[in-house]
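Undergrad: Could you have a look at this structure, given as structure tokens, before my questions?
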Amino acid sequence: MTPYETLDAWIEDHFNEEVAYLQALVRVPTDTPPGNNAPHAERTAELLAAMGLPAERHAVPEAEVRDYGLTSLTNLIVRRRYAEGGPVVALNAHGDVVPPGEGWTHDPYGGDVVQGQLYGRAAAVSKSDFATYTFALRALEALSLPLRGGVELHFTYDEEFGGELGPGWLLKQGLTCPDLLLAAGFSYQVVTAHNGCLQMEVTVHGKMAHAAIPDTGVDALQAAVTLLQALYARNAVYRGITSKVPGISHPYLNVGRIEGGTNTNVVPGKVVLKLDRRMIPEEDPVVVEQEIRDVIAQTAARLPGITMDIRRLLLARALQPLPGNQPLVEALQRHGQAVFGEPIPTSGTPLYTDVRLYGEHGIPAAIYGAGPRTVLESHAKRADERLALDDLKRATQVVARTLFDLLQAP
């Protein structure tokens, strides 16, 4: 048997164990918010230790976590070193997820397997790739062939809040500096670029008054409506700005949350809205942010008695391919086609991910893992999130083969 066939066979023989591992990960909730994710890291570390893969536990200080709006956060690193002379390849997946919400027909924390699909919150994004990467590493080491360089597993818990206390914190603390990075993704394309994201909170201040004498107040909600119209009007402009990256279309703006007022018989004195501006890789985040601030300031200036405060919540820069990612990308494509029986293209994605943080440190990266062709098919962030077990098995084989190509001794 070739080394690739041996890797495939090992993964096939241990696949029930891999599925059980993923089920165990799904069964420990990591809803973010509230972001009490240290217990999941502890459980993951226990499971890894039982497989002979001891994990370093890197707890982010409690004050930093609480200031960030989370409850507890421990990041994990598994380090494996081989002979000198090869690259260190890090594999990153995040365990934090949005709360399950309503409409589930399966227990979101049950890990039920029905007709070849494993159901549960984070089954597809991205506890699935805790399993993909762990078992790819185990298969690689089971070959017992000479290797050089190293592998690191980075299991982090801050993607939903931007990654600054996940990979961002590990990188800033100097706890890791790999040569290549592979991050959680789906099985039918290798993602090499993604959108950036600017999130802002705007507080509209008016003057509260009794609804029976509205002229004594200044309606903050009415002002917020005017602002919303000005912000959403920008989408007509954004549709004319197109990206050259396949898979990414144009910028867009969304207001995802609005709250304010005190009662139905009170003129609202304050309204808070939160907006999300997706940036294509070709855009300059500084220019984008200033444009939004200008729209807000100009709107406030037209409304007597109204002031508006602006607070940046998140600035996630876009990911653009670094030249050094080619050996990783080409190996994933080659083995993806061999295992899945179809070409595996490179593309961009309108999502933003933690991978940008590695890119900002000059670490060439790609996004690939277990999952369907689209986020929509996975039901990620919706009811009945699920993962096809065939995709999990085959993606594990692709990643194991890729690691062997990158790390095999000459």
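Each chain of the structure tokens is named A, B, ... in the order shown, its residues numbered from 1; ligands are numbered from 1 in display order.
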Set the distance at 8 Å and use only C-alpha atoms: which residues neighbour region 357-369 of chain A once local chain neighbours fewer than 4 positions away are removed? I'd like the list as a PyMOL selection string.
TA: chain A and resi 129+132+163+167-168+171+177-187+189-192+319-325+328-329+332+392+395-396+399
Undergrad: Keeping N, CA and C atoms for every residue in the selection just given, could you write it to a file as a compact mmCIF listing (two decimals), in the first residue's frame?
TA:
# COMPACT_ATOMS: atom_id res chain seq x y z
N ASP A 129 -14.19 20.19 12.74
CA ASP A 129 -12.77 20.19 12.39
C ASP A 129 -11.86 20.00 13.59
N THR A 132 -11.72 16.48 12.45
CA THR A 132 -10.92 16.35 11.22
C THR A 132 -9.44 16.45 11.52
N GLY A 163 -12.18 36.77 17.51
CA GLY A 163 -10.93 36.03 17.54
C GLY A 163 -9.79 36.66 18.30
N PRO A 167 -7.09 33.01 18.58
CA PRO A 167 -5.80 33.06 17.89
C PRO A 167 -5.06 34.38 18.09
N GLY A 168 -5.81 35.49 18.13
CA GLY A 168 -5.16 36.78 18.32
C GLY A 168 -4.36 36.83 19.60
N LEU A 171 -1.20 34.50 19.44
CA LEU A 171 -0.15 35.09 18.63
C LEU A 171 0.52 36.26 19.35
N CYS A 177 3.96 30.50 16.50
CA CYS A 177 4.35 31.21 15.29
C CYS A 177 4.61 30.17 14.20
N PRO A 178 3.56 29.54 13.68
CA PRO A 178 3.74 28.47 12.70
C PRO A 178 4.18 29.01 11.35
N ASP A 179 4.61 28.10 10.50
CA ASP A 179 5.01 28.47 9.14
C ASP A 179 3.83 28.47 8.18
N LEU A 180 2.84 27.63 8.45
CA LEU A 180 1.64 27.52 7.63
C LEU A 180 0.45 27.34 8.54
N LEU A 181 -0.72 27.75 8.06
CA LEU A 181 -1.93 27.65 8.87
C LEU A 181 -3.07 27.09 8.02
N LEU A 182 -3.72 26.06 8.53
CA LEU A 182 -4.95 25.54 7.93
C LEU A 182 -6.06 25.73 8.94
N ALA A 183 -7.17 26.31 8.51
CA ALA A 183 -8.27 26.61 9.43
C ALA A 183 -9.56 25.98 8.95
N ALA A 184 -10.49 25.84 9.89
CA ALA A 184 -11.73 25.13 9.66
C ALA A 184 -12.50 25.68 8.47
N GLY A 185 -12.99 24.78 7.64
CA GLY A 185 -13.76 25.17 6.47
C GLY A 185 -14.61 24.02 5.98
N PHE A 186 -14.96 24.04 4.72
CA PHE A 186 -15.78 23.00 4.12
C PHE A 186 -14.96 22.22 3.09
N SER A 187 -15.54 21.12 2.58
CA SER A 187 -14.78 20.10 1.88
C SER A 187 -14.63 20.30 0.38
N GLN A 189 -14.17 23.21 -1.50
CA GLN A 189 -13.35 24.29 -2.02
C GLN A 189 -12.28 24.64 -0.98
N VAL A 190 -11.18 25.15 -1.48
CA VAL A 190 -10.13 25.67 -0.60
C VAL A 190 -10.26 27.19 -0.61
N VAL A 191 -10.56 27.77 0.52
CA VAL A 191 -10.77 29.21 0.62
C VAL A 191 -9.43 29.88 0.93
N THR A 192 -9.10 30.88 0.13
CA THR A 192 -7.83 31.58 0.30
C THR A 192 -8.00 33.07 0.55
N LEU A 319 -8.95 38.80 4.55
CA LEU A 319 -7.84 37.89 4.29
C LEU A 319 -7.52 37.92 2.81
N GLN A 320 -6.25 38.13 2.50
CA GLN A 320 -5.79 38.03 1.13
C GLN A 320 -4.68 36.98 1.07
N PRO A 321 -4.60 36.24 -0.04
CA PRO A 321 -3.62 35.14 -0.10
C PRO A 321 -2.19 35.65 0.04
N LEU A 322 -1.38 34.96 0.85
CA LEU A 322 0.05 35.20 0.91
C LEU A 322 0.75 34.18 0.02
N PRO A 323 1.78 34.59 -0.71
CA PRO A 323 2.39 33.69 -1.69
C PRO A 323 2.83 32.34 -1.14
N GLY A 324 3.25 32.29 0.12
CA GLY A 324 3.75 31.04 0.68
C GLY A 324 2.71 29.97 0.93
N ASN A 325 1.43 30.28 0.64
CA ASN A 325 0.41 29.27 0.92
C ASN A 325 0.28 28.23 -0.20
N LEU A 328 0.57 24.36 0.48
CA LEU A 328 -0.59 23.90 1.24
C LEU A 328 -1.82 23.82 0.35
N VAL A 329 -2.09 24.88 -0.40
CA VAL A 329 -3.27 24.93 -1.25
C VAL A 329 -3.22 23.85 -2.32
N LEU A 332 -3.88 20.36 -0.88
CA LEU A 332 -5.31 20.19 -0.56
C LEU A 332 -6.12 19.94 -1.83
N LEU A 392 -16.98 14.27 6.58
CA LEU A 392 -16.02 14.24 7.68
C LEU A 392 -14.91 13.24 7.40
N ALA A 395 -12.75 14.44 4.29
CA ALA A 395 -11.94 15.62 4.60
C ALA A 395 -10.77 15.24 5.51
N THR A 396 -10.99 14.34 6.44
CA THR A 396 -9.91 13.87 7.32
C THR A 396 -8.82 13.21 6.49
N VAL A 399 -6.83 15.99 4.62
CA VAL A 399 -5.92 16.74 5.50
C VAL A 399 -4.74 15.87 5.90
Undergrad: Can you check which residues of region 189-401 of chain A DSSP gives as alpha helix (DSSP H) on the backbone and send them as a ChimeraX atom specification?
TA: /A:220-238,285-301,326-340,355-360,375-378,389-401
Undergrad: Using only C-alpha atoms, find the one residue out of A:Gln326, A:Asn263, A:Ser249, A:Thr32 that sits nearest to Pro100 (chain A).
TA: A:Thr32
Undergrad: For Leu53 (chain A), list every protein, DNA or RNA residue within 9 Å, evaluated using only C-alpha atoms, and leave out those in the same chain fewer than 2 positions away; present the list as a PyMOL selection string.
TA: chain A and resi 45+47-51+55+78-80+134+138
Undergrad: For the residues in that selection, give me C-alpha atoms as a PDB file, in the first residue's frame.
TA:
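Everything below was put into out.pdb:
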ATOM      1  CA  ALA A  45      -8.095  18.353  26.639  1.00  0.00           C
ATOM      2  CA  LEU A  47     -10.288  13.543  25.269  1.00  0.00           C
ATOM      3  CA  LEU A  48      -7.034  14.502  23.567  1.00  0.00           C
ATOM      4  CA  ALA A  49      -4.952  13.197  26.470  1.00  0.00           C
ATOM      5  CA  ALA A  50      -6.757   9.856  26.238  1.00  0.00           C
ATOM      6  CA  MET A  51      -5.583   9.672  22.612  1.00  0.00           C
ATOM      7  CA  ALA A  55      -2.760  19.783  25.186  1.00  0.00           C
ATOM      8  CA  VAL A  78      -1.245  20.501  20.965  1.00  0.00           C
ATOM      9  CA  ARG A  79       2.391  20.564  19.810  1.00  0.00           C
ATOM     10  CA  ARG A  80       4.030  17.728  17.896  1.00  0.00           C
ATOM     11  CA  THR A 134      -7.201  15.504  15.468  1.00  0.00           C
ATOM     12  CA  ARG A 138      -3.293  10.666  14.545  1.00  0.00           C
TER      13      ARG A 138
END
Undergrad: Name all residues at most 8 Å from Arg278 (chain A) (count only C-alpha atoms; drop same-chain ones fewer than 3 positions away) and give them as a list of chain:residue names.
TA: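 The residues satisfying every condition are A:Asn195, A:Gly196, A:Cys197, A:Leu198, A:Pro251, A:Tyr252, A:Leu253, A:Pro350.
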Undergrad: So, counting only C-alpha atoms, which residue among A:Asp384, A:Asp309, A:Asp405, A:Asp219 is closest to Asp112 (chain A)?
TA: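 Among the listed residues, the smallest separation from Asp112 (chain A) belongs to A:Asp384.
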Undergrad: So which one's closest to Arg121 (chain A), A:Thr6, A:Gln23, A:Thr374, A:Thr226? Using only C-alpha atoms, please.
TA: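 Of A:Thr6, A:Gln23, A:Thr374, A:Thr226, the one nearest Arg121 (chain A), counting only C-alpha atoms, is A:Gln23.
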